[in-house]
Amino acid sequence: MALPLRALLSSLLPLLLLILLSVDVHANYGWTGNARHVLVSKNHRHRPSFNPDPWQNAHATFYGGADASQTMGGACGYGDLHKQGYGVETAALSTVLFKGGQACGACFEIKCDDPRLCKSGQAPSITVTATNLCPLNSYGGWCDPPHEHFDLAQPAFLQIAEYKAGIVPVQYRRVPCKKEGGIRFTITGNPYFNLVLIWNVGGAGDIRSVQVKKGDDQKLKWTTLKRHWGQNWETDAMLLGESLTFRVRASDGRYSTSWGVAPNNWQFGQTFEGKNFKYRQTPPHPQ
């Protein structure tokens, strides 16, 4: 004889609870590849955009000549700053700010803090990208620890201060980087050593970790790259002949994944454009 409906539901309840508990455990601890991917993607998607830091005190000098030609290259490894979109709005950072290359690509808003030395009638502040390291023992030790110092490209310095000032007190803060287009990945090296230069990064601008995956299959494992120097990242994984997906993590904890950004016929020396970070507009500094 058929069981009454209430009795049937009572007998099925423990089984339903067991199924729901299993799904919850899998989703939270990543025991299945698909569930883990969904969880990670959700966390990445909902992280807030990079916001400006509070203002802090520092000093600034200038280098590179009137056309900033001597600022090309540098300790971040970007090369031709004009071709890569950084232009002359760049800075070499003191050791404390450079952080062994971790600050490469970060953007700073800087304003002159001494009316006697500031340039009148000019923009109250400028925004520059960190592209170089100010060497130790420069300018009488201003770039040595514990000083926070910006050695600006000369055209950038002259937007906020007089040439004759030489060195000026400034205020600065980290701000979102506003870049055109996507993150760029330039791959060099050989089949046994891959070096990836990552540039044109928006949002926080700097990068704390890089991963690469062969193909765009979500079930394949990620390979973690190591910082070689500046914004150059290395791996000895065999990548040639494979389509590549890159995932980068910025200092604010946000991720950007560029699925299949390099096709399987990529060659060393090529640059590929991936997905960039979004950024929030920074309120203008009051006049």
# chains A, B, ... in the order shown; residues from 1 in each chain; ligands from 1
call {"tool": "residues_around", "arguments": {"residues": "range 124-137 of chain A", "least_positions_apart": "4", "cutoff": "6 Å", "atoms": "only C-alpha atoms", "output": "VMD selection string"}}
result
chain A and resid 74 to 76 89 to 94 104 to 111 141 143 to 144
call {"tool": "write_last_selection", "arguments": {"atoms": "N, CA, C and O atoms", "output": "PDB file, in the first residue's frame"}}
result
ATOM      1  N   GLY A  74      64.674  52.248 -17.811  1.00  0.00           N
ATOM      2  CA  GLY A  74      64.457  52.347 -16.379  1.00  0.00           C
ATOM      3  C   GLY A  74      64.289  50.998 -15.702  1.00  0.00           C
ATOM      4  O   GLY A  74      64.196  49.947 -16.340  1.00  0.00           O
ATOM      5  N   ALA A  75      64.224  51.049 -14.376  1.00  0.00           N
ATOM      6  CA  ALA A  75      64.237  49.849 -13.546  1.00  0.00           C
ATOM      7  C   ALA A  75      62.943  49.052 -13.584  1.00  0.00           C
ATOM      8  O   ALA A  75      62.879  47.953 -13.031  1.00  0.00           O
ATOM      9  N   CYS A  76      61.901  49.594 -14.221  1.00  0.00           N
ATOM     10  CA  CYS A  76      60.653  48.823 -14.351  1.00  0.00           C
ATOM     11  C   CYS A  76      60.611  48.024 -15.640  1.00  0.00           C
ATOM     12  O   CYS A  76      59.750  47.166 -15.813  1.00  0.00           O
ATOM     13  N   GLU A  89      54.868  61.981 -18.257  1.00  0.00           N
ATOM     14  CA  GLU A  89      54.284  62.053 -16.910  1.00  0.00           C
ATOM     15  C   GLU A  89      54.719  60.827 -16.116  1.00  0.00           C
ATOM     16  O   GLU A  89      53.931  59.923 -15.806  1.00  0.00           O
ATOM     17  N   THR A  90      56.029  60.773 -15.808  1.00  0.00           N
ATOM     18  CA  THR A  90      56.604  59.609 -15.149  1.00  0.00           C
ATOM     19  C   THR A  90      57.497  60.040 -13.992  1.00  0.00           C
ATOM     20  O   THR A  90      57.874  61.219 -13.881  1.00  0.00           O
ATOM     21  N   ALA A  91      57.863  59.069 -13.165  1.00  0.00           N
ATOM     22  CA  ALA A  91      58.706  59.367 -12.009  1.00  0.00           C
ATOM     23  C   ALA A  91      59.575  58.175 -11.656  1.00  0.00           C
ATOM     24  O   ALA A  91      59.174  57.014 -11.813  1.00  0.00           O
ATOM     25  N   ALA A  92      60.788  58.488 -11.181  1.00  0.00           N
ATOM     26  CA  ALA A  92      61.642  57.494 -10.534  1.00  0.00           C
ATOM     27  C   ALA A  92      61.422  57.629  -9.033  1.00  0.00           C
ATOM     28  O   ALA A  92      61.442  58.740  -8.493  1.00  0.00           O
ATOM     29  N   LEU A  93      61.221  56.525  -8.350  1.00  0.00           N
ATOM     30  CA  LEU A  93      60.872  56.551  -6.935  1.00  0.00           C
ATOM     31  C   LEU A  93      62.080  56.254  -6.058  1.00  0.00           C
ATOM     32  O   LEU A  93      62.985  55.499  -6.448  1.00  0.00           O
ATOM     33  N   SER A  94      62.063  56.803  -4.857  1.00  0.00           N
ATOM     34  CA  SER A  94      63.089  56.457  -3.881  1.00  0.00           C
ATOM     35  C   SER A  94      62.926  54.997  -3.471  1.00  0.00           C
ATOM     36  O   SER A  94      61.891  54.368  -3.713  1.00  0.00           O
ATOM     37  N   CYS A 104      56.137  49.467  -9.518  1.00  0.00           N
ATOM     38  CA  CYS A 104      56.155  49.772 -10.957  1.00  0.00           C
ATOM     39  C   CYS A 104      54.733  49.797 -11.512  1.00  0.00           C
ATOM     40  O   CYS A 104      53.962  48.858 -11.314  1.00  0.00           O
ATOM     41  N   GLY A 105      54.400  50.867 -12.204  1.00  0.00           N
ATOM     42  CA  GLY A 105      53.069  51.005 -12.782  1.00  0.00           C
ATOM     43  C   GLY A 105      52.073  51.732 -11.912  1.00  0.00           C
ATOM     44  O   GLY A 105      50.989  52.094 -12.386  1.00  0.00           O
ATOM     45  N   ALA A 106      52.393  51.941 -10.625  1.00  0.00           N
ATOM     46  CA  ALA A 106      51.487  52.667  -9.738  1.00  0.00           C
ATOM     47  C   ALA A 106      51.422  54.136 -10.145  1.00  0.00           C
ATOM     48  O   ALA A 106      52.394  54.693 -10.670  1.00  0.00           O
ATOM     49  N   CYS A 107      50.292  54.769  -9.903  1.00  0.00           N
ATOM     50  CA  CYS A 107      50.095  56.172 -10.272  1.00  0.00           C
ATOM     51  C   CYS A 107      49.988  57.037  -9.025  1.00  0.00           C
ATOM     52  O   CYS A 107      49.354  56.642  -8.033  1.00  0.00           O
ATOM     53  N   PHE A 108      50.590  58.206  -9.097  1.00  0.00           N
ATOM     54  CA  PHE A 108      50.628  59.125  -7.964  1.00  0.00           C
ATOM     55  C   PHE A 108      50.197  60.523  -8.417  1.00  0.00           C
ATOM     56  O   PHE A 108      50.660  61.013  -9.449  1.00  0.00           O
ATOM     57  N   GLU A 109      49.336  61.126  -7.631  1.00  0.00           N
ATOM     58  CA  GLU A 109      49.010  62.537  -7.824  1.00  0.00           C
ATOM     59  C   GLU A 109      49.935  63.342  -6.930  1.00  0.00           C
ATOM     60  O   GLU A 109      50.070  63.048  -5.730  1.00  0.00           O
ATOM     61  N   ILE A 110      50.582  64.362  -7.494  1.00  0.00           N
ATOM     62  CA  ILE A 110      51.598  65.134  -6.776  1.00  0.00           C
ATOM     63  C   ILE A 110      51.299  66.625  -6.928  1.00  0.00           C
ATOM     64  O   ILE A 110      50.956  67.087  -8.014  1.00  0.00           O
ATOM     65  N   LYS A 111      51.436  67.347  -5.828  1.00  0.00           N
ATOM     66  CA  LYS A 111      51.252  68.809  -5.873  1.00  0.00           C
ATOM     67  C   LYS A 111      52.377  69.479  -5.090  1.00  0.00           C
ATOM     68  O   LYS A 111      52.841  68.974  -4.065  1.00  0.00           O
ATOM     69  N   GLY A 141      71.445  62.154  -1.099  1.00  0.00           N
ATOM     70  CA  GLY A 141      70.819  61.138  -0.251  1.00  0.00           C
ATOM     71  C   GLY A 141      69.314  61.224  -0.158  1.00  0.00           C
ATOM     72  O   GLY A 141      68.694  60.470   0.608  1.00  0.00           O
ATOM     73  N   CYS A 143      67.116  60.129  -2.110  1.00  0.00           N
ATOM     74  CA  CYS A 143      66.450  58.894  -2.552  1.00  0.00           C
ATOM     75  C   CYS A 143      66.768  57.705  -1.651  1.00  0.00           C
ATOM     76  O   CYS A 143      66.279  56.597  -1.897  1.00  0.00           O
ATOM     77  N   ASP A 144      67.600  57.921  -0.633  1.00  0.00           N
ATOM     78  CA  ASP A 144      67.958  56.846   0.297  1.00  0.00           C
ATOM     79  C   ASP A 144      66.877  56.678   1.359  1.00  0.00           C
ATOM     80  O   ASP A 144      66.127  57.622   1.661  1.00  0.00           O
TER      81      ASP A 144
END
call {"tool": "select_by_dssp", "arguments": {"residues": "range 148-263 of chain A", "states": "helix (DSSP H, G or I)", "output": "PyMOL selection string"}}
result
chain A and resi 154-157+163-165
call {"tool": "write_last_selection", "arguments": {"atoms": "all heavy atoms", "output": "JSON list (two decimals), in the first residue's frame"}}
result
[["chain", "number", "residue", "atom", "x", "y", "z"],
["A", 154, "GLN", "N", 61.60, 65.84, -16.20],
["A", 154, "GLN", "CA", 61.66, 67.30, -16.15],
["A", 154, "GLN", "C", 60.38, 67.98, -16.64],
["A", 154, "GLN", "O", 59.89, 68.91, -15.98],
["A", 154, "GLN", "CB", 62.87, 67.80, -16.94],
["A", 154, "GLN", "CG", 63.05, 69.31, -16.87],
["A", 154, "GLN", "CD", 64.33, 69.78, -17.53],
["A", 154, "GLN", "OE1", 65.34, 69.10, -17.46],
["A", 154, "GLN", "NE2", 64.28, 70.93, -18.19],
["A", 155, "PRO", "N", 59.78, 67.57, -17.76],
["A", 155, "PRO", "CA", 58.53, 68.24, -18.18],
["A", 155, "PRO", "C", 57.41, 68.13, -17.15],
["A", 155, "PRO", "O", 56.59, 69.05, -17.03],
["A", 155, "PRO", "CB", 58.17, 67.52, -19.48],
["A", 155, "PRO", "CG", 59.46, 66.97, -19.99],
["A", 155, "PRO", "CD", 60.22, 66.57, -18.76],
["A", 156, "ALA", "N", 57.36, 67.02, -16.42],
["A", 156, "ALA", "CA", 56.34, 66.86, -15.39],
["A", 156, "ALA", "C", 56.62, 67.79, -14.22],
["A", 156, "ALA", "O", 55.70, 68.45, -13.69],
["A", 156, "ALA", "CB", 56.27, 65.40, -14.93],
["A", 157, "PHE", "N", 57.88, 67.86, -13.80],
["A", 157, "PHE", "CA", 58.26, 68.73, -12.68],
["A", 157, "PHE", "C", 57.90, 70.18, -12.97],
["A", 157, "PHE", "O", 57.38, 70.90, -12.10],
["A", 157, "PHE", "CB", 59.76, 68.58, -12.42],
["A", 157, "PHE", "CG", 60.28, 69.43, -11.29],
["A", 157, "PHE", "CD1", 60.30, 68.94, -9.99],
["A", 157, "PHE", "CD2", 60.77, 70.71, -11.52],
["A", 157, "PHE", "CE1", 60.79, 69.72, -8.94],
["A", 157, "PHE", "CE2", 61.26, 71.49, -10.49],
["A", 157, "PHE", "CZ", 61.27, 70.99, -9.19],
["A", 163, "TYR", "N", 61.88, 75.79, -12.43],
["A", 163, "TYR", "CA", 63.13, 75.08, -12.74],
["A", 163, "TYR", "C", 64.20, 75.38, -11.69],
["A", 163, "TYR", "O", 64.93, 74.48, -11.25],
["A", 163, "TYR", "CB", 63.61, 75.48, -14.13],
["A", 163, "TYR", "CG", 64.90, 74.81, -14.55],
["A", 163, "TYR", "CD1", 64.87, 73.62, -15.25],
["A", 163, "TYR", "CD2", 66.14, 75.40, -14.26],
["A", 163, "TYR", "CE1", 66.05, 73.00, -15.66],
["A", 163, "TYR", "CE2", 67.32, 74.78, -14.66],
["A", 163, "TYR", "CZ", 67.27, 73.58, -15.35],
["A", 163, "TYR", "OH", 68.44, 72.98, -15.73],
["A", 164, "LYS", "N", 64.29, 76.65, -11.29],
["A", 164, "LYS", "CA", 65.35, 77.06, -10.36],
["A", 164, "LYS", "C", 65.18, 76.47, -8.97],
["A", 164, "LYS", "O", 66.13, 76.47, -8.17],
["A", 164, "LYS", "CB", 65.38, 78.58, -10.26],
["A", 164, "LYS", "CG", 64.09, 79.19, -9.69],
["A", 164, "LYS", "CD", 64.16, 80.71, -9.67],
["A", 164, "LYS", "CE", 62.88, 81.31, -9.09],
["A", 164, "LYS", "NZ", 62.91, 82.79, -9.08],
["A", 165, "ALA", "N", 64.00, 75.94, -8.67],
["A", 165, "ALA", "CA", 63.75, 75.38, -7.33],
["A", 165, "ALA", "C", 64.63, 74.18, -7.06],
["A", 165, "ALA", "O", 65.12, 73.98, -5.94],
["A", 165, "ALA", "CB", 62.28, 75.01, -7.19]]
call {"tool": "residues_around", "arguments": {"residues": "range 224-229 of chain A", "least_positions_apart": "4", "cutoff": "9 Å", "atoms": "only C-alpha atoms", "output": "list in words"}}
result
Ala75, Cys76, Gly77, Gly100, Gly101, Leu195, Val196, Arg208, Ser209, Val210, Gln211, Val212, Lys213, Trp233, Glu234, Thr235 and Asp236 of chain A
call {"tool": "closest_atom_pairs", "arguments": {"of": "range 196-278 of chain A", "to": "range 172-184 of chain A", "cutoff": "7 Å", "atoms": "only C-alpha atoms", "output": "tab-separated table"}}
result
residue	atom	partner	partner_atom	distance
A:Ile198	CA	A:Arg184	CA	5.7
A:Trp199	CA	A:Arg184	CA	5.3
A:Asn200	CA	A:Ile183	CA	5.2
A:Val201	CA	A:Ile183	CA	5.2
A:Gly202	CA	A:Cys177	CA	4.8
A:Gly203	CA	A:Pro176	CA	4.8
A:Ala204	CA	A:Pro176	CA	5.4
A:Gly205	CA	A:Cys177	CA	5.6
A:Thr271	CA	A:Arg184	CA	6.4
A:Phe272	CA	A:Arg184	CA	5.6
A:Glu273	CA	A:Arg184	CA	4.6
A:Gly274	CA	A:Ile183	CA	5.1
A:Lys275	CA	A:Gly182	CA	5.0
A:Asn276	CA	A:Gly182	CA	4.5
call {"tool": "residues_around", "arguments": {"residues": "Phe268 in chain A", "least_positions_apart": "5", "cutoff": "7 Å", "atoms": "only C-alpha atoms", "output": "list in words"}}
result
Ile187, Thr188 and Gly189 of chain A
call {"tool": "write_last_selection", "arguments": {"atoms": "N, CA, C and O atoms", "output": "mmCIF file, in the first residue's frame"}}
result
data_model
loop_
_atom_site.group_PDB
_atom_site.id
_atom_site.type_symbol
_atom_site.label_atom_id
_atom_site.label_comp_id
_atom_site.auth_asym_id
_atom_site.auth_seq_id
_atom_site.Cartn_x
_atom_site.Cartn_y
_atom_site.Cartn_z
ATOM 1 N N ILE A 187 55.908 39.118 -24.746
ATOM 2 C CA ILE A 187 56.581 37.861 -24.404
ATOM 3 C C ILE A 187 57.921 37.784 -25.131
ATOM 4 O O ILE A 187 57.985 37.891 -26.361
ATOM 5 N N THR A 188 58.996 37.619 -24.362
ATOM 6 C CA THR A 188 60.329 37.429 -24.927
ATOM 7 C C THR A 188 60.958 36.190 -24.291
ATOM 8 O O THR A 188 60.371 35.573 -23.399
ATOM 9 N N GLY A 189 62.163 35.837 -24.753
ATOM 10 C CA GLY A 189 62.857 34.691 -24.182
ATOM 11 C C GLY A 189 63.150 33.623 -25.204
ATOM 12 O O GLY A 189 63.477 33.907 -26.360
#
call {"tool": "residues_around", "arguments": {"residues": "range 52-69 of chain A", "least_positions_apart": "4", "cutoff": "6 Å", "atoms": "only C-alpha atoms", "output": "list in words"}}
result
Glu148, His149, Phe150, Asp151, Leu152, Ala153, Gln154, Gly166, Ile167, Val168, Pro169, Val170, Gln171, Tyr172, Arg173, Arg174 and Val175 of chain A
